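For reference, the structure is listed below as structure tokens.
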Amino acid sequence: MTPERVEAIVQNAHSGEPASDEMASAGWGGISRPPSSWEVLSDRLFRRATLAAAWFTILLVGWIVVSIGRQAMPSIRSYGLDFLGGVVWDANRARFGILPAMVGTLYSSLLGLAIGTLFGLAIAIFLSERFLSSGLDSLLRLFGELEESWLVTLPDKIENVLKMTIELLAAIPSVVYGLWGIFVVIPFVRTPANWLHSHLGWIPFFSTGLSGPGLMPAALVLAIMVLPTITAISRDSLAAVPPKLREAAFGMGATRWEAILAIFVPTAATGIFGAIILGFGRALGETMALAMLAGNANVISWSLFSPANTLAALLANHFPEADQIEVGALMYAALVLLGITLIVNIFGTLILQRADAGLRGLR
Amino acid sequence: MRIVRKLPLLAIASVAWVGLAFLGGRLTGVFGPMGAFGAEDAVTLQGTGATFPAPLYEKWFAEYNKEHPNVQINYQALGSGAGIKQFQQHLVDFGASDAAMTDEEMGSVKDGVVLLPMTAGAIVLAYNLPDVSAPLKLSRDAYVGIFLGKITSWNDPAIAKTNPGVNLADTKITVVTRSDGSGTTFVFTSHLSAISDAWKNGPGAGKSVNFPTGVAGKGNPGVSALIKQTPGAIGYVEYGYAVQAHMSMALLENKSGKFIKADLTSGKDALSSVQLPENLRAWVTDPTGEDSYPIVTYTWMLLYKKYQNPKTADALKSVVKYGLTQGQSFSSDLGYIPLPANVVDDDMKALDQIS
């Protein structure tokens with residue numbers, strides 16, 4: 001609306017002539033007008049549409065579970081609980097058991113998660129607690145050149161680059177991780193693994209040597225795959241620690257490490273724990289990289305270097321060529337994997353709620 | 001404000017779009033692929049099946065398409081099992097399988113099935129022993145024992161006996177098998193079952209069996225990568241694949257007791273020792289020829305006897321004929337064994353059943 005038009009309206013108003021048409025067409029009248037029937041309708045439609053979308057998601061999950069369950073039914077009926085305890089997968093003789101795959105799934109995920117959490121949390125602390133800039137500060141102070149402005153922004157830039165690089169890890173396809181694992185990680189791990197086996201072989205974790213694929217390379221690659229999730233979410237929750245807490249901690253004379261380990265990390269624990277649960281979910285469901293690295297052998301062993309199998313890899317490997325009976329067994333295995341994921345998530349949510357309740361006073 | 005007002009419209013539009021897309025997908029399924037709408041006499045043939053012959057088939061289809069631009073052939077190498085399954089469900093115009101089809105599977109296709117052996121290949125035992133330069137000779141006892149997990153070290157007497165003068169260290173044998181179900185595994189385990197009762201009554205023959213030992217990789221590439229990365233490894237791979245990947249291949253003892261190198265001559269010799277029955281389905285589990293390489297197989301295309309669309313049938317027949325004639329000349333370069341002349345004749349006769 002141009003200034004001239006406003007003036008005209010104002011003049012009209014002063015002269016006592018009705019200006020409502022003019023005002024309405026200029027968009028002013030909408031403020032006091034009741035909503036038109038179209039607006040009421042569209043509002044209602046929108047609400048219904050969002051509700052429908054929400055329900056659709058829930059129904060979709062339900063539908064997936066029901067359809068997998070229906071296909072798994074014959075297998076559940078004929079194998080029952082023996083399926084969970086069996087150690088042989090022999091499609092030829094219709095004998096199916098998934099204990100090695102279940103153990104392998106949990107073992108590799110937990111191992112990968114432990115390594116990933118260790119590094120992810122360390123990186124998150126490094127990125128959120130401004131180690132780079134304080135390091136540079138003291139370096140500059142040493143040379144008495146605190147005023148150089150481009151140097152002052154440098155740590156932020158480096159931190160950004162680091163952050164983006166780590167987040168980029170999430171974008172690498174898992175096939176690429178698998179190939180990289182075969183050609184780089186396995187040869188890299190083999191020598192130390194075989195040294196550990198020959199010198200400390202009496203420890204169950206080192207009871208076999210590593211010839212090629214095995215749990216350890218799989219877990220290492222898994223750790224890298226869950227790293228971005230854990231780092232990004234932990235960093236955000238560390239950055240979200242209330243400033244008053246930070247100031248209070250330093251004000252009371254805590255050293256930086258005391259503040260980080262005793263105040264910041266516990267305060268951000270809910271978020272960090274959420275990150276770990278998300279990472280666990282990712283590790284449980286990871287298929288391709290594990291199918292390439294774990295060795296796909298139905299073996300149960302404490303050894304970190306023994307080949308293993310996982311549920312997701314089992315499904316991916318056997319599904320394309322499976323016949324009717326094996327498909328049923330695979331669906332049963334899929335159901336078990338779904339169940340494990342569900343249990344992990346429920347446990348995670350419960351622990352999260354408990355941790356959250358304990359820290360409520362701090363907020 | 002304006003955007004907010006338009007949101008419901010957007011929501012409705014997107015729901016409608018999803019619905020349409022869904023419907024479209026359904027209609028495509030009923031009326032055939034969308035590609036058929038283009039040129040009037042264009043024909044699109046869909047095929048699914050074995051990965052083993054895929055490089056050769058793709059070569060044929062590409063060359064054929066150059067000569068006949070109106071015929072487009074899509075081949076998805078999803079595996080023999082997937083090929084049979086999709087063929088049974090009429091999702092494709094032709095299938096392909098290393099294990100042909102069982103009588104039961106063929107019985108379920110009401111339009112009738114024509115099995116055509118299209119090419120053949122050998123399966124080799126590739127190994128990784130950096131210190132051994134001479135090709136290893138493996139007796140039947142040795143390689144059955146290795147895959148049964150009974151022979152676990154490379155300096156085992158069973159291996160040393162047939163390799164005098166070769167410096168075999170006390171390296172652990174890592175057996176590499178296929179993790180996915182595959183025609184390659186079927187052919188290899190059928191051979192092992194044919195020559196060893198212990199194998200027959202143990203793991204048995206099948207597209208995926210319960211191997212007593214070792215680690216497993218997905219597909220020929222997965223197995224070869226594992227062999228190449230693991231000193232002391234041995235595994236079974238397609239001959240053409242092993243040649244391209246420059247892997248060391250063992251000489252295997254055949255039925256007559258000779259140690260035979262895998263190549264096209266010894267492979268062709270093995271094929272000619274078997275007479276194909278009328279349905280053109282025969283497995284060469286243990287060829288009898290004196291110079292035959294012991295593990296060879298045909299691989300089949302699966303065609304219907306009756307096609308609804310005469311254009312599809314004609315195009316398909318023409319493509320298959322091309323593969324059987326000019327196509328065979330690509331075989332040796334890609335590591336496949338060219339079909340013996342009598343098999344080509346049988347195929348041509350079988351093609352006439354298709355209408």
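Within each chain, counting starts at residue 1; across the structure tokens, chains are named A, B, ... in the order shown, with ligands numbered 1 upward in that order.
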task: Specify as an NGL selection string all residues of chain A found within 6 Å of chain B, counting only C-alpha atoms.
output: :A and (42 or 46 or 90 or 212 or 295-297 or 317-318 or 320-321)
task: Can you check which residues of segment 34-105 of chain B DSSP gives as helix (DSSP H, G or I) on the backbone and send them as a ChimeraX atom specification?
output: /B:34-37,54-67,80-88,103-105
task: Would you kindly return, as a ChimeraX atom specification, each protein, DNA or RNA residue with an atom no farther than 10 Å from any atom of Ala245 of chain B, considering only C-alpha atoms and excluding same-chain residues fewer than 4 positions away?
output: /B:221,224-225,228,239-241
- prompt: Could you pull the residues within 9 Å of Gly85 of chain A, counting only C-alpha atoms, minus those fewer than 3 positions along the same chain, as an MDAnalysis selection string?
  reply: chainID A and resid 81:82 97:100
Take the residues from that selection and write them out as an mmCIF file, in the first residue's frame, keeping C-alpha atoms.
```cif
data_model
loop_
_atom_site.group_PDB
_atom_site.id
_atom_site.type_symbol
_atom_site.label_atom_id
_atom_site.label_comp_id
_atom_site.auth_asym_id
_atom_site.auth_seq_id
_atom_site.Cartn_x
_atom_site.Cartn_y
_atom_site.Cartn_z
ATOM 1 C CA LEU A 81 10.937 -71.493 21.156
ATOM 2 C CA ASP A 82 13.472 -73.993 19.780
ATOM 3 C CA GLY A 97 17.873 -71.574 14.805
ATOM 4 C CA ILE A 98 18.938 -68.008 15.454
ATOM 5 C CA LEU A 99 20.783 -68.084 18.753
ATOM 6 C CA PRO A 100 24.189 -67.364 17.142
#
```
message: Could you list, as a PyMOL selection string, every residue within 9 Å of Trp195 of chain A, counting only C-alpha atoms and ignoring same-chain residues fewer than 5 positions away?
response: chain A and resi 190+200+209
Preceding selection exported with all heavy atoms as a JSON list (two decimals), in the first residue's frame:
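Saved to result.json:
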```
[["chain", "number", "residue", "atom", "x", "y", "z"],
["A", 190, "ARG", "N", 44.43, -57.32, 11.89],
["A", 190, "ARG", "CA", 44.85, -58.72, 11.94],
["A", 190, "ARG", "C", 46.11, -58.93, 12.78],
["A", 190, "ARG", "O", 46.13, -59.80, 13.66],
["A", 190, "ARG", "CB", 45.08, -59.24, 10.51],
["A", 190, "ARG", "CG", 45.34, -60.74, 10.50],
["A", 190, "ARG", "CD", 45.62, -61.25, 9.10],
["A", 190, "ARG", "NE", 44.46, -61.19, 8.25],
["A", 190, "ARG", "CZ", 44.43, -60.63, 7.05],
["A", 190, "ARG", "NH1", 45.51, -60.08, 6.57],
["A", 190, "ARG", "NH2", 43.34, -60.61, 6.34],
["A", 200, "LEU", "N", 48.04, -63.80, 24.71],
["A", 200, "LEU", "CA", 47.06, -63.75, 25.79],
["A", 200, "LEU", "C", 45.86, -64.64, 25.49],
["A", 200, "LEU", "O", 44.73, -64.36, 25.87],
["A", 200, "LEU", "CB", 46.58, -62.30, 26.01],
["A", 200, "LEU", "CG", 47.66, -61.30, 26.43],
["A", 200, "LEU", "CD1", 47.14, -59.88, 26.28],
["A", 200, "LEU", "CD2", 48.07, -61.55, 27.88],
["A", 209, "GLY", "N", 42.23, -66.63, 16.80],
["A", 209, "GLY", "CA", 42.92, -65.63, 16.00],
["A", 209, "GLY", "C", 41.94, -64.98, 15.04],
["A", 209, "GLY", "O", 40.79, -65.39, 14.92]]
```
- request: Please report, as an NGL selection string, each residue of segment 205-267 of chain B to which DSSP assigns strand (DSSP E) when run on this structure's backbone.
  value: :B and (215-217 or 233-238 or 248-249 or 251-253 or 259-260)
- prompt: Quick one: residues within 10 Å of Ser153 of chain B, only C-alpha atoms counted, chain neighbours fewer than 2 positions away excluded, as a ChimeraX atom specification?
  reply: /B:146,149-151,155-157,159,168-174,232
Write out, as a compact mmCIF listing (two decimals), in the first residue's frame, the residues just selected, with all heavy atoms.
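New file part03.txt:
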```txt
# COMPACT_ATOMS: atom_id res chain seq x y z
N ILE B 146 38.88 -80.22 3.18
CA ILE B 146 39.01 -78.80 3.53
C ILE B 146 37.63 -78.19 3.79
O ILE B 146 37.41 -77.53 4.80
CB ILE B 146 39.72 -78.03 2.39
CG1 ILE B 146 41.20 -78.42 2.32
CG2 ILE B 146 39.58 -76.53 2.59
CD1 ILE B 146 41.94 -77.82 1.14
N GLY B 149 35.96 -79.13 6.91
CA GLY B 149 36.60 -78.65 8.12
C GLY B 149 37.50 -79.70 8.76
O GLY B 149 37.93 -79.54 9.90
N LYS B 150 37.79 -80.81 8.03
CA LYS B 150 38.63 -81.85 8.62
C LYS B 150 40.10 -81.56 8.38
O LYS B 150 40.96 -81.96 9.15
CB LYS B 150 38.27 -83.22 8.02
CG LYS B 150 36.96 -83.71 8.59
CD LYS B 150 36.62 -85.11 8.14
CE LYS B 150 35.30 -85.54 8.73
NZ LYS B 150 34.50 -86.31 7.78
N ILE B 151 40.40 -80.88 7.28
CA ILE B 151 41.78 -80.47 7.01
C ILE B 151 41.85 -78.98 7.34
O ILE B 151 41.15 -78.18 6.74
CB ILE B 151 42.12 -80.72 5.53
CG1 ILE B 151 42.05 -82.22 5.23
CG2 ILE B 151 43.50 -80.16 5.20
CD1 ILE B 151 42.26 -82.56 3.78
N ASN B 155 49.71 -77.49 5.50
CA ASN B 155 50.74 -78.53 5.37
C ASN B 155 50.22 -79.92 5.74
O ASN B 155 50.98 -80.83 6.02
CB ASN B 155 51.98 -78.17 6.20
CG ASN B 155 51.67 -78.10 7.68
OD1 ASN B 155 50.53 -78.29 8.08
ND2 ASN B 155 52.68 -77.82 8.48
N ASP B 156 48.90 -80.07 5.72
CA ASP B 156 48.28 -81.38 5.96
C ASP B 156 48.79 -82.39 4.93
O ASP B 156 48.94 -82.06 3.75
CB ASP B 156 46.76 -81.24 5.86
CG ASP B 156 46.03 -82.46 6.36
OD1 ASP B 156 45.97 -83.46 5.61
OD2 ASP B 156 45.54 -82.41 7.49
N PRO B 157 49.06 -83.63 5.36
CA PRO B 157 49.59 -84.64 4.42
C PRO B 157 48.72 -84.81 3.16
O PRO B 157 49.25 -85.04 2.07
CB PRO B 157 49.58 -85.93 5.24
CG PRO B 157 49.50 -85.51 6.66
CD PRO B 157 48.98 -84.12 6.73
N ILE B 159 47.23 -82.66 1.45
CA ILE B 159 47.57 -81.65 0.44
C ILE B 159 49.01 -81.83 -0.01
O ILE B 159 49.32 -81.75 -1.20
CB ILE B 159 47.35 -80.23 1.01
CG1 ILE B 159 45.92 -80.06 1.48
CG2 ILE B 159 47.70 -79.17 -0.03
CD1 ILE B 159 45.65 -78.77 2.22
N LEU B 168 54.75 -75.81 1.62
CA LEU B 168 53.49 -75.48 2.28
C LEU B 168 53.74 -75.26 3.76
O LEU B 168 54.14 -76.17 4.47
CB LEU B 168 52.49 -76.61 2.08
CG LEU B 168 51.97 -76.76 0.64
CD1 LEU B 168 51.37 -78.14 0.44
CD2 LEU B 168 50.98 -75.68 0.31
N ALA B 169 53.51 -74.04 4.22
CA ALA B 169 53.78 -73.74 5.62
C ALA B 169 52.58 -74.17 6.47
O ALA B 169 51.55 -74.57 5.96
CB ALA B 169 54.02 -72.24 5.78
N ASP B 170 52.77 -74.07 7.78
CA ASP B 170 51.72 -74.45 8.72
C ASP B 170 50.71 -73.30 8.85
O ASP B 170 50.46 -72.79 9.93
CB ASP B 170 52.37 -74.78 10.07
CG ASP B 170 51.33 -75.21 11.10
OD1 ASP B 170 50.23 -75.62 10.68
OD2 ASP B 170 51.62 -75.11 12.30
N THR B 171 50.16 -72.87 7.71
CA THR B 171 49.19 -71.77 7.74
C THR B 171 47.80 -72.34 7.96
O THR B 171 47.46 -73.38 7.42
CB THR B 171 49.19 -71.02 6.39
OG1 THR B 171 50.53 -70.92 5.94
CG2 THR B 171 48.59 -69.65 6.53
N LYS B 172 47.02 -71.62 8.74
CA LYS B 172 45.64 -72.07 8.99
C LYS B 172 44.82 -71.88 7.72
O LYS B 172 44.92 -70.86 7.03
CB LYS B 172 45.05 -71.24 10.13
CG LYS B 172 43.69 -71.70 10.58
CD LYS B 172 43.21 -70.85 11.77
CE LYS B 172 41.71 -70.99 11.94
NZ LYS B 172 40.93 -69.91 11.37
N ILE B 173 43.99 -72.86 7.40
CA ILE B 173 43.11 -72.74 6.23
C ILE B 173 41.85 -71.99 6.65
O ILE B 173 41.19 -72.37 7.61
CB ILE B 173 42.72 -74.12 5.68
CG1 ILE B 173 43.97 -74.86 5.17
CG2 ILE B 173 41.71 -73.97 4.55
CD1 ILE B 173 43.67 -76.24 4.65
N THR B 174 41.54 -70.91 5.94
CA THR B 174 40.27 -70.24 6.16
C THR B 174 39.37 -70.52 4.96
O THR B 174 39.67 -70.09 3.84
CB THR B 174 40.46 -68.72 6.30
OG1 THR B 174 41.37 -68.47 7.36
CG2 THR B 174 39.15 -68.03 6.60
N GLY B 232 45.95 -67.59 3.41
CA GLY B 232 45.54 -68.91 3.85
C GLY B 232 44.10 -69.25 3.51
O GLY B 232 43.60 -70.28 3.91
```
message: At a cut-off of 10 Å, using only C-alpha atoms, what residues contact Pro242 of chain A? Leave out same-chain residues fewer than 2 positions from it and give the result as number ranges by chain.
response: A: 238-240, 244-247, 264, 267-268, 362-363
